[in-house]
Each structure stands twice: as structure tokens, then as C-alpha cells.
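*Asks:* A single structure is presented below for examination.
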Amino acid sequence: MNIVICVKYVPDATGDRHFESDNTVDRVGVDGLLSELDEYAVEQALQLKEKNEDSVVTALTVGPEDASEAIKKALQMGADKGVHVVDDAIAGSDYLATSQVLAAAITKIGEESEVDVVICGMASTDATGSVIPAMLAERLDLPQVTLGSVIESQGKEFRIKRDGDTSTEVIGATAPLVLSVTDQSGEARYPSFKGIMAAKKKPLETWSLSDIGVDAGQVGLDAAWTAVENTEERPPRTAGEVVTDEDGSGAKALVDFLASKKFI
Amino acid sequence: MSEVLVLVDHVDGKVRKPTFELLTIAKRLGEPSAVFIGDPGKSDGADGVVAAVKKYGAEKVYVVDDAQIKGYLVAPKAEALQQIAEKASPAAILIPSNAEGKEIAGRLAIKLGSGLITDAVDVQEGPVTTQSVFAGSYTVQSKITQGTPIITVKPNSAAPEESEGAGTVEEFAATISDSAKKAKIVASQPRAASGRPELTEAAIVVAGGRGTGGNFEEVEGFADSLGAAVGASRAAVDSGWKPHAFQIGQTGKVVSPQLYVANGISGAIQHRAGMQTSKTIVAVNKDEEAPIFELVDFGVVGDLHTVLPTATEEITKRKG
Ligand SMILES: Cc1cc2nc3c(=O)[nH]c(=O)nc-3n(C[C@H](O)[C@H](O)[C@H](O)COP(=O)(O)OP(=O)(O)OC[C@H]3O[C@@H](n4cnc5c(N)ncnc54)[C@H](O)[C@@H]3O)c2cc1C
Ligand SMILES: Nc1ncnc2c1ncn2[C@@H]1O[C@H](COP(=O)(O)O)[C@@H](O)[C@H]1O
């Protein structure tokens, strides 16, 4: 099976994330890493490979120089090769442009042999849009099998469990398809020492926009379909009153507070 | 005035509250047109839906019979919306910001060649959207610069305002391509009703974490005394104490109620991402160093197993 995992390099959520003066996310001044939610996608790709002989797992990222770190992590976990699309013109791209670049890269990866499964995380931890997988399905004209918490497959037949807002559904489709998996889909493995050593020898290709046939004028901040007008740091919440419970005093103080705010 | 399309969020024809919020927002931008994709014959059917959305200002209601499309995931709905949009040339398209809504919006954006903004918490004339990002630490204002603005809007982003619209029904026969029918819904299990308010819609949310030790009774009793919805941290969900639908946070639901009460929850960044924009935050935690206390308007350092039952009793008493 030819499997492509889309992995995003994101600013560390536990660090101090902020915006640049042009209102784009600062992707350089903060520590970045492979989006934790994409580790679940890597894990499912590796499980699929273990089930299907002769599978190749390619980790694909679109992002700045440092984004190759996300690929390296995926390679350490067990992916076979990496593709990094990097081009100054991509900076500041929105969902439409990012999905266009990813789709073009997936198409190019599929030139040698057809891509059977594209696996994404449920959301990137910075944009949190959960839209790229649906957009890739639209652009590549593939079945969309997204937000799976349980993934089952038999050859090219896939079934996932999707925990929706008002119901739980089982979604079925035949590969080639686009799959996205949630953080309920099963713990992601840690890179082993062997995996870390092996990763150093795995191929990592770097592609520019012209390599994948995307016009630089269609992507990036200037061509974006949306414009951020203003970003403002929310004033930190000032800690309010904290009381220590002694023989029921805490409960009473709590109820008094709720009553004072008219919640009772 | 141009139409503004609002995709109706409903369960079997029962319209959910976010729809009324979207209609209220739509009125700021133009003439609200509701788009109902569902079974016109079921329960109250289209009549019930029309009556509901009309009350909140829908001038027009597009009714798309979903008989041909309900067995498929997302893609056909995006096609139906595309066809309506091409006919109506709306000033904007507003879609509920839930998992399905965002996916519909993503596909629609590509079909229409339009800019997309997800998870807006406010939309004003322009349209100018407000989003809350990086776990609620930043507020961002944006505009869509190309095509028909497509905006997914989070629950509780506006107070629904009643205002009678004409509610003119237009049956719309959408043409669905085979390629939109590639992902099938093989089985579907509706979630059992809890009898409590919907998590994302509730005015008060009471949540429990690992500190409950798996016993949610005290949390639920306290929630019921306040008429609140019940939520959980990921630690509680991962332990199997509550289904994933209860999870609040980055990979669960994002709630923004008037009051949020965190019980036995430490306040990790991923949890904060789902509750930080709540108006009033209260916590009960036995560790005074727990990071959740940095956020609270009021906190109790104590054991939730004693604090909550006592508080529940006191509330019941005061309510008389
Ligand atoms: C990619 C990713 C996504 C995530 N998404 C989410 C998400 O969507 N939602 C989410 O919640 N988490 C999420 N997490 C997990 C998050 O990092 C925390 O691990 C989780 O929120 C911890 O849950 P908790 O506060 O219940 O447990 P803990 O951190 O273990 O805290 C339990 C608290 O209970 C207190 N306590 C214990 N006993 C009592 C008692 N008797 N009375 C009162 N207090 C008591 C303790 O003092 C402690 O503060 C995510 C993590 C990752 C990496
Ligand atoms: N720049 C990117 N490079 C590679 N994959 C991405 C990128 N952006 C998004 N993705 C994939 O799309 C998923 C959803 O992202 P989003 O729609 O931004 O929340 C992520 O979990 C990734 O799998």
C-alpha cells in the first residue's frame, strides 16, 4: 500500500505562542514540533503498513525550513521517507492554499504508484480547523473518511467509527481515500533508539512550488482568501478569590458566590 | 438586500439552538435564508422547521429533501449548498461550527472558490469575524477577501433574537454527483438523551476530572441543582468514566458558558483550550497549586467529595 501521512510542524502549545507584526503565526521564534495530534496519524499509518506487505509510508509536510523536524519525528517513529514542501512564497498561506499545495504534492507522490491512503490528524494544534482533510478529499476527488476513533481495514475496504455531535456513525469506503484519525484512535508509539538511528539514513526530499506545479502567485499571504485585520492578546484572567474548605465553609462560600452572581 | 444563507443545525427536524444564533447574526449582514437539509416528512418535518426558523427572521427557507443523500458523509451537503449559493448569490454563508459543519464549509470553499473562516465567536457587518485562538490567549479579527464569505460560527456566539420573517418555502432539488457518494454511512447510533442541557449550548457547565476518582455522582448532583450540563476532562474520558462526547478541551468540545465549574481538574493547556472563554470560572480542587486556580473567579481548595454534596444540599435548601 502506498500511504501518505500529512504531518504539520506547529508551535509548541505549552510554549508562548504569538503572532508576528504582519499578523501571521510566529513559526520561527517559538519551539516547534510535530503536531501531537498528527502522531496518531503516523501511528495508524504504521499499523496499516504492518498489516499490508510492501507498504511505503511517506511523511509529507508543508512548512518553513524547520518543519523538516516534523518529518524527522515521523521517520523516527517508522515512516519510510519524507517529502518537505518549502518555498518562501508559501508563508502566510490559509486553508485554501495549504490544501492546494498538499494536494499537488500528494498527486506528485502518486505519479510513480497510486497513493492508496492519505492519513491526516483530526486537527492541527495551532489552526485547529479540522478542515484540511475534507478539503484534500474534495481536491483529490477521493472518499472522505474522517475523524475516525476506531479504524478497521481489510485490503482496500475501510471502516471507521466516527463519534459525531449527536450520534455515532460507522463510515465505509474503498481506497484510494482520505482518512483522518482522532486522539481516541490509539496511543502513538515512541521512536525507539533503533528507529532514531535508522531515520538518519531515510530519504527526505525537498520540493519547491515549481516542483509540484503550483503557481507561486496563488498561495501565500498576499494571495490569501482571508485577511487577518487585527490580533490582540487577551488580558490574562486575574485570579479571583480562592478559599480553603474547613468543615463545610468552602461549600457555603461557593454557594454564596454563585448566589451573588445570580446563578442560583 | 442580499440573502445570507444559514445552514440549519437540526436532529431529525428538531432545530438546535445554534441555528437561531446564526439567523440572528445573518440579519446583521443581509436577509436571512435558512437552508434545511433533511426529511420534510419526519416528525414536524419541514413545517416545524419553517415555523422555528421564521420566528428568528428567516425570510426564505430552502428545503432540500435528503432522501438521496443522508446515507453519505458530508460531501453531498456541500454540493447542495453550492447549488443553492450559485442560484442565490448570497452575501455570506453561515454554517454551525461543529465537526460536520466545518467539513461541509471546507469543501464548499473549494467548490465556490471562496475564502473560509472557521470557529468564529462573533461576526459583524463587513463581515468581520472574531476568533479566539491559541487556547483562548489571543483574539483575532479577520475578513474574507475573495468569493462569498463562508464562516463557521461557534455555539453561544450571539443571543438569539426573535423577529418574524416571511419564511417563504422554496423546495430545492439538488443534483448529487456519484463522486460525493463515495463515503457511506454504514450504521448510525443516535446518542441517548441525558435529560440535561446540551454541552455546547448550556448556560452552566459542571465538569469533572481525574479528581472524581471515577465517581461522577457528586458532580452530576451538583450540576442538576444548577440545571447545568455535565462535562469531563480527557483524563476522565480516557479512564472510561464518561464517553468522549463529554470531553471538554482541544480535542473535545469547546464551551463558552456563563458559568464553568471545574471539579478535580488540574487545568492543563489542552483543557483550557475548551473552556477558557467561559464568562465566570469556578474550581474545586484539593491542590492549592493546581493551575486551574490561575483562571478562576472563585475557587475552593478542598475535597470535591465533601464540597460538592454540601454545596448541592445548600443550593437545594436555598431554592426552597
Ligand atoms: C494533543 C493533546 C490533546 C489533549 N486534549 C485534551 C482535551 O481535549 N481535554 C482535556 O481535558 N485534556 C486534554 N489533554 C490532556 C491534558 O493535557 C491533561 O492531561 C488532562 O486535561 C488532565 O485531566 P485532569 O485535570 O482531569 O487530570 P489531572 O491533571 O490528573 O488532574 C486531576 C486534579 O484533580 C485534583 N484532585 C484529585 N483528587 C481530588 C479530590 N478528591 N477533590 C478535589 N480535587 C482533587 C488534583 O489535585 C488534580 O489537580 C490533551 C493532551 C494532549 C497531548
Ligand atoms: N502544513 C501542513 N502540512 C502537512 N499537513 C498538514 C498541514 N496543515 C494541515 N495538515 C494536516 O491536516 C490536518 C488538519 O489540519 P487543520 O485543518 O489545519 O486543523 C492535520 O492534522 C494534518 O494532518
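Starting from 1 in every chain, residues are counted up; chains themselves are A, B, ... following the order of the C-alpha cells, and ligands are numbered from 1 as listed.
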Write out as a list in words the residues lying within 6 Å of Ile5 (chain A), counting only C-alpha atoms and excluding same-chain residues fewer than 6 positions away.
*Replies:*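 Near neighbours after the sequence-gap exclusion: Ala59, Leu60, Val118, Ile119 and Cys120 of chain A.
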*Asks:* Sorted by chain and rising residue number, which residues of chain B lie within 10 Å of ligand 1, and what are their closest atom pairs and distances in Å to one decimal, counting only C-alpha atoms and all ligand atoms, as JSON lines?
*Replies:*
{"residue": "B:Ala207", "atom": "CA", "partner": "ligand 1", "partner_atom_place_in_ligand_line": "26 (O)", "distance": 9.2}
{"residue": "B:Gly208", "atom": "CA", "partner": "ligand 1", "partner_atom_place_in_ligand_line": "26 (O)", "distance": 6.8}
{"residue": "B:Gly209", "atom": "CA", "partner": "ligand 1", "partner_atom_place_in_ligand_line": "26 (O)", "distance": 3.2}
{"residue": "B:Arg210", "atom": "CA", "partner": "ligand 1", "partner_atom_place_in_ligand_line": "26 (O)", "distance": 3.9}
{"residue": "B:Gly211", "atom": "CA", "partner": "ligand 1", "partner_atom_place_in_ligand_line": "37 (C)", "distance": 3.3}
{"residue": "B:Thr212", "atom": "CA", "partner": "ligand 1", "partner_atom_place_in_ligand_line": "41 (N)", "distance": 6.1}
{"residue": "B:Gly213", "atom": "CA", "partner": "ligand 1", "partner_atom_place_in_ligand_line": "38 (N)", "distance": 6.9}
{"residue": "B:Gly231", "atom": "CA", "partner": "ligand 1", "partner_atom_place_in_ligand_line": "11 (O)", "distance": 9.5}
{"residue": "B:Ala232", "atom": "CA", "partner": "ligand 1", "partner_atom_place_in_ligand_line": "11 (O)", "distance": 6.8}
{"residue": "B:Ser233", "atom": "CA", "partner": "ligand 1", "partner_atom_place_in_ligand_line": "11 (O)", "distance": 3.4}
{"residue": "B:Arg234", "atom": "CA", "partner": "ligand 1", "partner_atom_place_in_ligand_line": "11 (O)", "distance": 3.9}
{"residue": "B:Ala235", "atom": "CA", "partner": "ligand 1", "partner_atom_place_in_ligand_line": "23 (O)", "distance": 4.2}
{"residue": "B:Ala236", "atom": "CA", "partner": "ligand 1", "partner_atom_place_in_ligand_line": "26 (O)", "distance": 5.7}
{"residue": "B:Val237", "atom": "CA", "partner": "ligand 1", "partner_atom_place_in_ligand_line": "11 (O)", "distance": 8.4}
{"residue": "B:Asp238", "atom": "CA", "partner": "ligand 1", "partner_atom_place_in_ligand_line": "23 (O)", "distance": 9.2}
{"residue": "B:Ser239", "atom": "CA", "partner": "ligand 1", "partner_atom_place_in_ligand_line": "26 (O)", "distance": 9.8}
{"residue": "B:His244", "atom": "CA", "partner": "ligand 1", "partner_atom_place_in_ligand_line": "8 (O)", "distance": 9.4}
{"residue": "B:Phe246", "atom": "CA", "partner": "ligand 1", "partner_atom_place_in_ligand_line": "9 (N)", "distance": 9.7}
{"residue": "B:Gln247", "atom": "CA", "partner": "ligand 1", "partner_atom_place_in_ligand_line": "9 (N)", "distance": 5.9}
{"residue": "B:Ile248", "atom": "CA", "partner": "ligand 1", "partner_atom_place_in_ligand_line": "9 (N)", "distance": 4.9}
{"residue": "B:Gly249", "atom": "CA", "partner": "ligand 1", "partner_atom_place_in_ligand_line": "8 (O)", "distance": 3.2}
{"residue": "B:Gln250", "atom": "CA", "partner": "ligand 1", "partner_atom_place_in_ligand_line": "8 (O)", "distance": 3.8}
{"residue": "B:Thr251", "atom": "CA", "partner": "ligand 1", "partner_atom_place_in_ligand_line": "8 (O)", "distance": 3.7}
{"residue": "B:Gly252", "atom": "CA", "partner": "ligand 1", "partner_atom_place_in_ligand_line": "8 (O)", "distance": 4.3}
{"residue": "B:Lys253", "atom": "CA", "partner": "ligand 1", "partner_atom_place_in_ligand_line": "8 (O)", "distance": 7.1}
{"residue": "B:Val254", "atom": "CA", "partner": "ligand 1", "partner_atom_place_in_ligand_line": "8 (O)", "distance": 8.4}
{"residue": "B:Ala262", "atom": "CA", "partner": "ligand 1", "partner_atom_place_in_ligand_line": "25 (O)", "distance": 8.8}
{"residue": "B:Asn263", "atom": "CA", "partner": "ligand 1", "partner_atom_place_in_ligand_line": "43 (C)", "distance": 6.2}
{"residue": "B:Gly264", "atom": "CA", "partner": "ligand 1", "partner_atom_place_in_ligand_line": "34 (O)", "distance": 3.3}
{"residue": "B:Ile265", "atom": "CA", "partner": "ligand 1", "partner_atom_place_in_ligand_line": "25 (O)", "distance": 3.4}
{"residue": "B:Ser266", "atom": "CA", "partner": "ligand 1", "partner_atom_place_in_ligand_line": "49 (O)", "distance": 3.5}
{"residue": "B:Gly267", "atom": "CA", "partner": "ligand 1", "partner_atom_place_in_ligand_line": "25 (O)", "distance": 5.4}
{"residue": "B:Ala268", "atom": "CA", "partner": "ligand 1", "partner_atom_place_in_ligand_line": "17 (O)", "distance": 5.0}
{"residue": "B:Ile269", "atom": "CA", "partner": "ligand 1", "partner_atom_place_in_ligand_line": "17 (O)", "distance": 6.4}
{"residue": "B:Gln270", "atom": "CA", "partner": "ligand 1", "partner_atom_place_in_ligand_line": "6 (C)", "distance": 4.6}
{"residue": "B:His271", "atom": "CA", "partner": "ligand 1", "partner_atom_place_in_ligand_line": "11 (O)", "distance": 3.9}
{"residue": "B:Arg272", "atom": "CA", "partner": "ligand 1", "partner_atom_place_in_ligand_line": "11 (O)", "distance": 7.6}
{"residue": "B:Ala273", "atom": "CA", "partner": "ligand 1", "partner_atom_place_in_ligand_line": "8 (O)", "distance": 7.6}
{"residue": "B:Gly274", "atom": "CA", "partner": "ligand 1", "partner_atom_place_in_ligand_line": "8 (O)", "distance": 6.8}
{"residue": "B:Met275", "atom": "CA", "partner": "ligand 1", "partner_atom_place_in_ligand_line": "9 (N)", "distance": 9.5}
{"residue": "B:Ala283", "atom": "CA", "partner": "ligand 1", "partner_atom_place_in_ligand_line": "44 (N)", "distance": 9.0}
{"residue": "B:Val284", "atom": "CA", "partner": "ligand 1", "partner_atom_place_in_ligand_line": "43 (C)", "distance": 5.8}
{"residue": "B:Asn285", "atom": "CA", "partner": "ligand 1", "partner_atom_place_in_ligand_line": "44 (N)", "distance": 3.5}
{"residue": "B:Lys286", "atom": "CA", "partner": "ligand 1", "partner_atom_place_in_ligand_line": "44 (N)", "distance": 4.2}
{"residue": "B:Asp287", "atom": "CA", "partner": "ligand 1", "partner_atom_place_in_ligand_line": "47 (O)", "distance": 4.3}
{"residue": "B:Glu288", "atom": "CA", "partner": "ligand 1", "partner_atom_place_in_ligand_line": "47 (O)", "distance": 7.7}
{"residue": "B:Glu289", "atom": "CA", "partner": "ligand 1", "partner_atom_place_in_ligand_line": "49 (O)", "distance": 8.0}
{"residue": "B:Ala290", "atom": "CA", "partner": "ligand 1", "partner_atom_place_in_ligand_line": "49 (O)", "distance": 5.0}
{"residue": "B:Pro291", "atom": "CA", "partner": "ligand 1", "partner_atom_place_in_ligand_line": "49 (O)", "distance": 7.7}
{"residue": "B:Ile292", "atom": "CA", "partner": "ligand 1", "partner_atom_place_in_ligand_line": "49 (O)", "distance": 7.8}
{"residue": "B:Phe293", "atom": "CA", "partner": "ligand 1", "partner_atom_place_in_ligand_line": "49 (O)", "distance": 9.6}
{"residue": "B:Val300", "atom": "CA", "partner": "ligand 1", "partner_atom_place_in_ligand_line": "43 (C)", "distance": 9.0}
{"residue": "B:Val301", "atom": "CA", "partner": "ligand 1", "partner_atom_place_in_ligand_line": "43 (C)", "distance": 7.6}
{"residue": "B:Gly302", "atom": "CA", "partner": "ligand 1", "partner_atom_place_in_ligand_line": "43 (C)", "distance": 5.8}
{"residue": "B:Asp303", "atom": "CA", "partner": "ligand 1", "partner_atom_place_in_ligand_line": "42 (N)", "distance": 3.6}
{"residue": "B:Leu304", "atom": "CA", "partner": "ligand 1", "partner_atom_place_in_ligand_line": "42 (N)", "distance": 3.9}
{"residue": "B:His305", "atom": "CA", "partner": "ligand 1", "partner_atom_place_in_ligand_line": "41 (N)", "distance": 5.8}
{"residue": "B:Thr306", "atom": "CA", "partner": "ligand 1", "partner_atom_place_in_ligand_line": "42 (N)", "distance": 8.2}
{"residue": "B:Val307", "atom": "CA", "partner": "ligand 1", "partner_atom_place_in_ligand_line": "42 (N)", "distance": 8.3}
{"residue": "B:Leu308", "atom": "CA", "partner": "ligand 1", "partner_atom_place_in_ligand_line": "42 (N)", "distance": 9.3}
*Asks:* Store the residues of this selection in a file with C-alpha atoms, as a CSV table (one decimal), in the first residue's frame.
*Replies:*
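Done, and the output landed in out-v6.csv:
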chain,number,residue,atom,x,y,z
B,207,ALA,CA,-17.2,19.3,34.7
B,208,GLY,CA,-15.3,16.5,36.5
B,209,GLY,CA,-11.7,15.3,36.0
B,210,ARG,CA,-9.4,12.6,37.4
B,211,GLY,CA,-10.1,14.0,40.8
B,212,THR,CA,-13.5,12.5,40.8
B,213,GLY,CA,-11.9,9.1,41.1
B,231,GLY,CA,-18.6,17.7,31.0
B,232,ALA,CA,-15.3,15.9,31.7
B,233,SER,CA,-11.6,16.2,31.2
B,234,ARG,CA,-9.7,14.0,28.9
B,235,ALA,CA,-8.3,12.1,31.9
B,236,ALA,CA,-11.8,11.2,33.0
B,237,VAL,CA,-12.7,10.2,29.4
B,238,ASP,CA,-9.6,8.2,28.9
B,239,SER,CA,-10.3,6.3,32.1
B,244,HIS,CA,-15.9,11.1,24.5
B,246,PHE,CA,-18.5,14.7,27.3
B,247,GLN,CA,-14.9,15.8,26.8
B,248,ILE,CA,-14.0,19.5,27.0
B,249,GLY,CA,-10.8,20.8,25.5
B,250,GLN,CA,-8.7,20.9,22.5
B,251,THR,CA,-9.8,17.5,21.2
B,252,GLY,CA,-13.2,17.6,22.7
B,253,LYS,CA,-15.9,20.3,22.8
B,254,VAL,CA,-15.2,23.9,23.2
B,262,ALA,CA,-14.2,22.5,37.1
B,263,ASN,CA,-14.0,19.8,39.8
B,264,GLY,CA,-10.9,17.7,40.3
B,265,ILE,CA,-9.4,19.1,37.1
B,266,SER,CA,-5.9,20.4,37.1
B,267,GLY,CA,-6.2,22.9,34.2
B,268,ALA,CA,-3.8,21.7,31.5
B,269,ILE,CA,-3.4,23.9,28.5
B,270,GLN,CA,-5.4,21.5,26.3
B,271,HIS,CA,-8.3,21.6,28.8
B,272,ARG,CA,-8.1,25.3,28.9
B,273,ALA,CA,-8.5,25.5,25.2
B,274,GLY,CA,-12.0,24.2,25.7
B,275,MET,CA,-13.2,26.4,28.5
B,283,ALA,CA,-12.9,25.4,40.5
B,284,VAL,CA,-12.9,22.9,43.3
B,285,ASN,CA,-9.5,21.2,43.7
B,286,LYS,CA,-7.7,19.8,46.7
B,287,ASP,CA,-4.4,21.1,45.5
B,288,GLU,CA,-4.0,24.8,46.0
B,289,GLU,CA,-1.1,24.8,43.4
B,290,ALA,CA,-3.4,23.5,40.6
B,291,PRO,CA,-3.0,25.7,37.5
B,292,ILE,CA,-6.8,25.9,37.2
B,293,PHE,CA,-6.8,28.4,40.1
B,300,VAL,CA,-12.3,26.3,46.7
B,301,VAL,CA,-9.3,24.3,47.9
B,302,GLY,CA,-10.9,21.2,49.2
B,303,ASP,CA,-12.1,17.6,48.5
B,304,LEU,CA,-14.8,17.6,45.9
B,305,HIS,CA,-16.3,14.6,47.6
B,306,THR,CA,-17.3,16.7,50.6
B,307,VAL,CA,-17.6,20.2,49.0
B,308,LEU,CA,-20.0,19.2,46.2
*Asks:* Select all residues from chain A having any atom no more than 6 Å from an atom of chain B (counting only C-alpha atoms, ignoring ligands), output as an MDAnalysis selection string.
*Replies:* chainID A and resid 131 134:135 138 143:144 166:173 225:234 237 239:245 250:251
*Asks:* Output the neighbourhood of ligand 2 as a ChimeraX atom specification, that is, all protein and nucleic acid residues with some atom at most 8 Å from the ligand, counting only C-alpha atoms and all ligand atoms.
*Replies:* /A:5-9,35,37-38,41,60-63,95,98-99,102,119-133,180
*Asks:* Which residue out of B:Pro32, B:Ala202, B:Asn215, B:Ala26 has the minimum interatomic distance to Val230 (chain B) when only C-alpha atoms are used?
*Replies:*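 Closest to Val230 (chain B), using only C-alpha atoms: B:Ala202.
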*Asks:* When distances are computed from only C-alpha atoms, which of B:Leu112, B:Asp122, B:Glu79, B:Pro127 shows the smallest separation from Leu96 (chain A)?
*Replies:*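 Closest to Leu96 (chain A) of all the choices is B:Leu112.
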*Asks:* For region 55-57 of chain B, find every residue with an atom within 7 Å (counting only C-alpha atoms), except residues of its own chain fewer than 2 positions away, and show them as a VMD selection string.
*Replies:* chain B and resid 20 23 to 24 32 51 to 53 59 161 to 165
*Asks:* Please, could you write that set of residues out with N, CA and C atoms as a CSV table (one decimal), in the first residue's frame?
*Replies:*
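What ended up in part24.csv:
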chain,number,residue,atom,x,y,z
B,20,PHE,N,-30.6,29.4,15.6
B,20,PHE,CA,-31.2,30.7,15.9
B,20,PHE,C,-30.2,31.8,16.1
B,23,LEU,N,-29.1,32.8,12.6
B,23,LEU,CA,-30.1,33.6,11.9
B,23,LEU,C,-30.0,35.1,12.5
B,24,THR,N,-29.7,35.2,13.8
B,24,THR,CA,-29.6,36.5,14.4
B,24,THR,C,-28.4,37.2,13.8
B,32,PRO,N,-31.8,36.9,6.0
B,32,PRO,CA,-31.5,35.5,6.3
B,32,PRO,C,-32.4,34.5,5.5
B,51,ALA,N,-41.5,26.9,10.8
B,51,ALA,CA,-42.1,27.7,11.9
B,51,ALA,C,-41.0,28.1,12.8
B,52,ALA,N,-40.0,27.2,13.1
B,52,ALA,CA,-39.0,27.6,14.1
B,52,ALA,C,-38.0,28.7,13.5
B,53,VAL,N,-37.6,28.5,12.3
B,53,VAL,CA,-36.6,29.5,11.8
B,53,VAL,C,-37.3,30.8,11.4
B,59,GLU,N,-36.4,34.8,6.1
B,59,GLU,CA,-37.3,35.3,5.0
B,59,GLU,C,-37.6,34.2,4.1
B,161,GLU,N,-32.3,36.5,18.8
B,161,GLU,CA,-33.3,37.5,18.9
B,161,GLU,C,-34.5,37.1,18.0
B,162,GLU,N,-35.6,37.1,18.6
B,162,GLU,CA,-36.8,36.8,17.8
B,162,GLU,C,-37.2,37.9,16.9
B,163,SER,N,-37.6,37.6,15.7
B,163,SER,CA,-38.1,38.7,14.8
B,163,SER,C,-38.7,37.9,13.6
B,164,GLU,N,-40.0,38.1,13.4
B,164,GLU,CA,-40.7,37.3,12.5
B,164,GLU,C,-40.2,37.6,11.0
B,165,GLY,N,-39.9,36.5,10.3
B,165,GLY,CA,-39.5,36.6,8.9
B,165,GLY,C,-40.7,36.0,8.1
*Asks:* Mind checking DSSP for region 60-225 of chain A and telling me the alpha helix (DSSP H) residues as number ranges by chain?
*Replies:* A: 68-77, 95-109, 132-140, 193-199, 220-223
*Asks:* To one decimal place, how far is CA of Ala173 (chain B) from CA of Val15 (chain B) in Å?
*Replies:*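 Separation between CA of Ala173 (chain B) and CA of Val15 (chain B): 21.2 Å.
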*Asks:* Between CA of Glu20 (chain A) and CA of Ser93 (chain A), measure the distance and give it in Å to one decimal.
*Replies:*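 For CA of Glu20 (chain A) relative to CA of Ser93 (chain A), the distance reads 14.2 Å.
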*Asks:* Rank A:Pro235, A:Pro64, A:Lys194, A:Val117 by their smallest atom-to-atom distance to Asp88 (chain A), using only C-alpha atoms, and report the top residue only.
*Replies:*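 Among the listed residues, A:Pro64 lies closest to Asp88 (chain A).
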*Asks:* List the neighbours of Ile95 (chain B) out to 8 Å using only C-alpha atoms; skip same-chain residues closer than 5 positions along the sequence, and give me the result as a list in words.
*Replies:* Val6, Leu7, Val8, Leu22, Gly101, Lys102, Ala105, Ile150, Ile151, Thr152 and Val153 of chain B
*Asks:* Output C-alpha atoms for every residue in that selection, as a PDB file, in the first residue's frame.
*Replies:*
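And here's selection37.pdb as it stands now:
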ATOM      1  CA  VAL B   6     -27.739  29.784   7.159  1.00  0.00           C
ATOM      2  CA  LEU B   7     -27.342  26.007   7.255  1.00  0.00           C
ATOM      3  CA  VAL B   8     -29.914  24.696   9.736  1.00  0.00           C
ATOM      4  CA  LEU B  22     -26.789  32.118  13.172  1.00  0.00           C
ATOM      5  CA  GLY B 101     -20.304  21.871   9.617  1.00  0.00           C
ATOM      6  CA  LYS B 102     -16.599  22.639   9.318  1.00  0.00           C
ATOM      7  CA  ALA B 105     -17.621  24.512   4.824  1.00  0.00           C
ATOM      8  CA  ILE B 150     -18.069  31.248   4.247  1.00  0.00           C
ATOM      9  CA  ILE B 151     -17.990  31.394   8.016  1.00  0.00           C
ATOM     10  CA  THR B 152     -18.466  28.643  10.577  1.00  0.00           C
ATOM     11  CA  VAL B 153     -19.787  30.073  13.822  1.00  0.00           C
TER      12      VAL B 153
END
*Asks:* Residues of region 15-202 of chain A in strand (DSSP E) according to DSSP, as a PyMOL selection string?
*Replies:* chain A and resi 32-34+56-62+81-85+117-121+144-154+157-163+167-174+177-181
*Asks:* Residues at most 6 Å from region 35-44 of chain B, counting only C-alpha atoms, excluding those fewer than 3 positions away in the same chain, as a PyMOL selection string?
*Replies:* chain B and resi 6-8+48+61-66
*Asks:* Using only C-alpha atoms, can you tell me which of A:Val4, A:Val83, A:Leu48, A:Leu221 comes closest to Ser153 (chain A)?
*Replies:* A:Leu48
*Asks:* Work out how far CA of Leu75 (chain A) is from CA of Gly213 (chain A), in Å to one decimal.
*Replies:*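 A separation of 25.9 Å between them.
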*Asks:* What's around Ala88 (chain B) at 12 Å? Count only C-alpha atoms, leave out sequence neighbours fewer than 5 positions away in its own chain, and write the answer as a ChimeraX atom specification.
*Replies:* /B:1-5,31-35,60,62,81-83,93,148,170,172
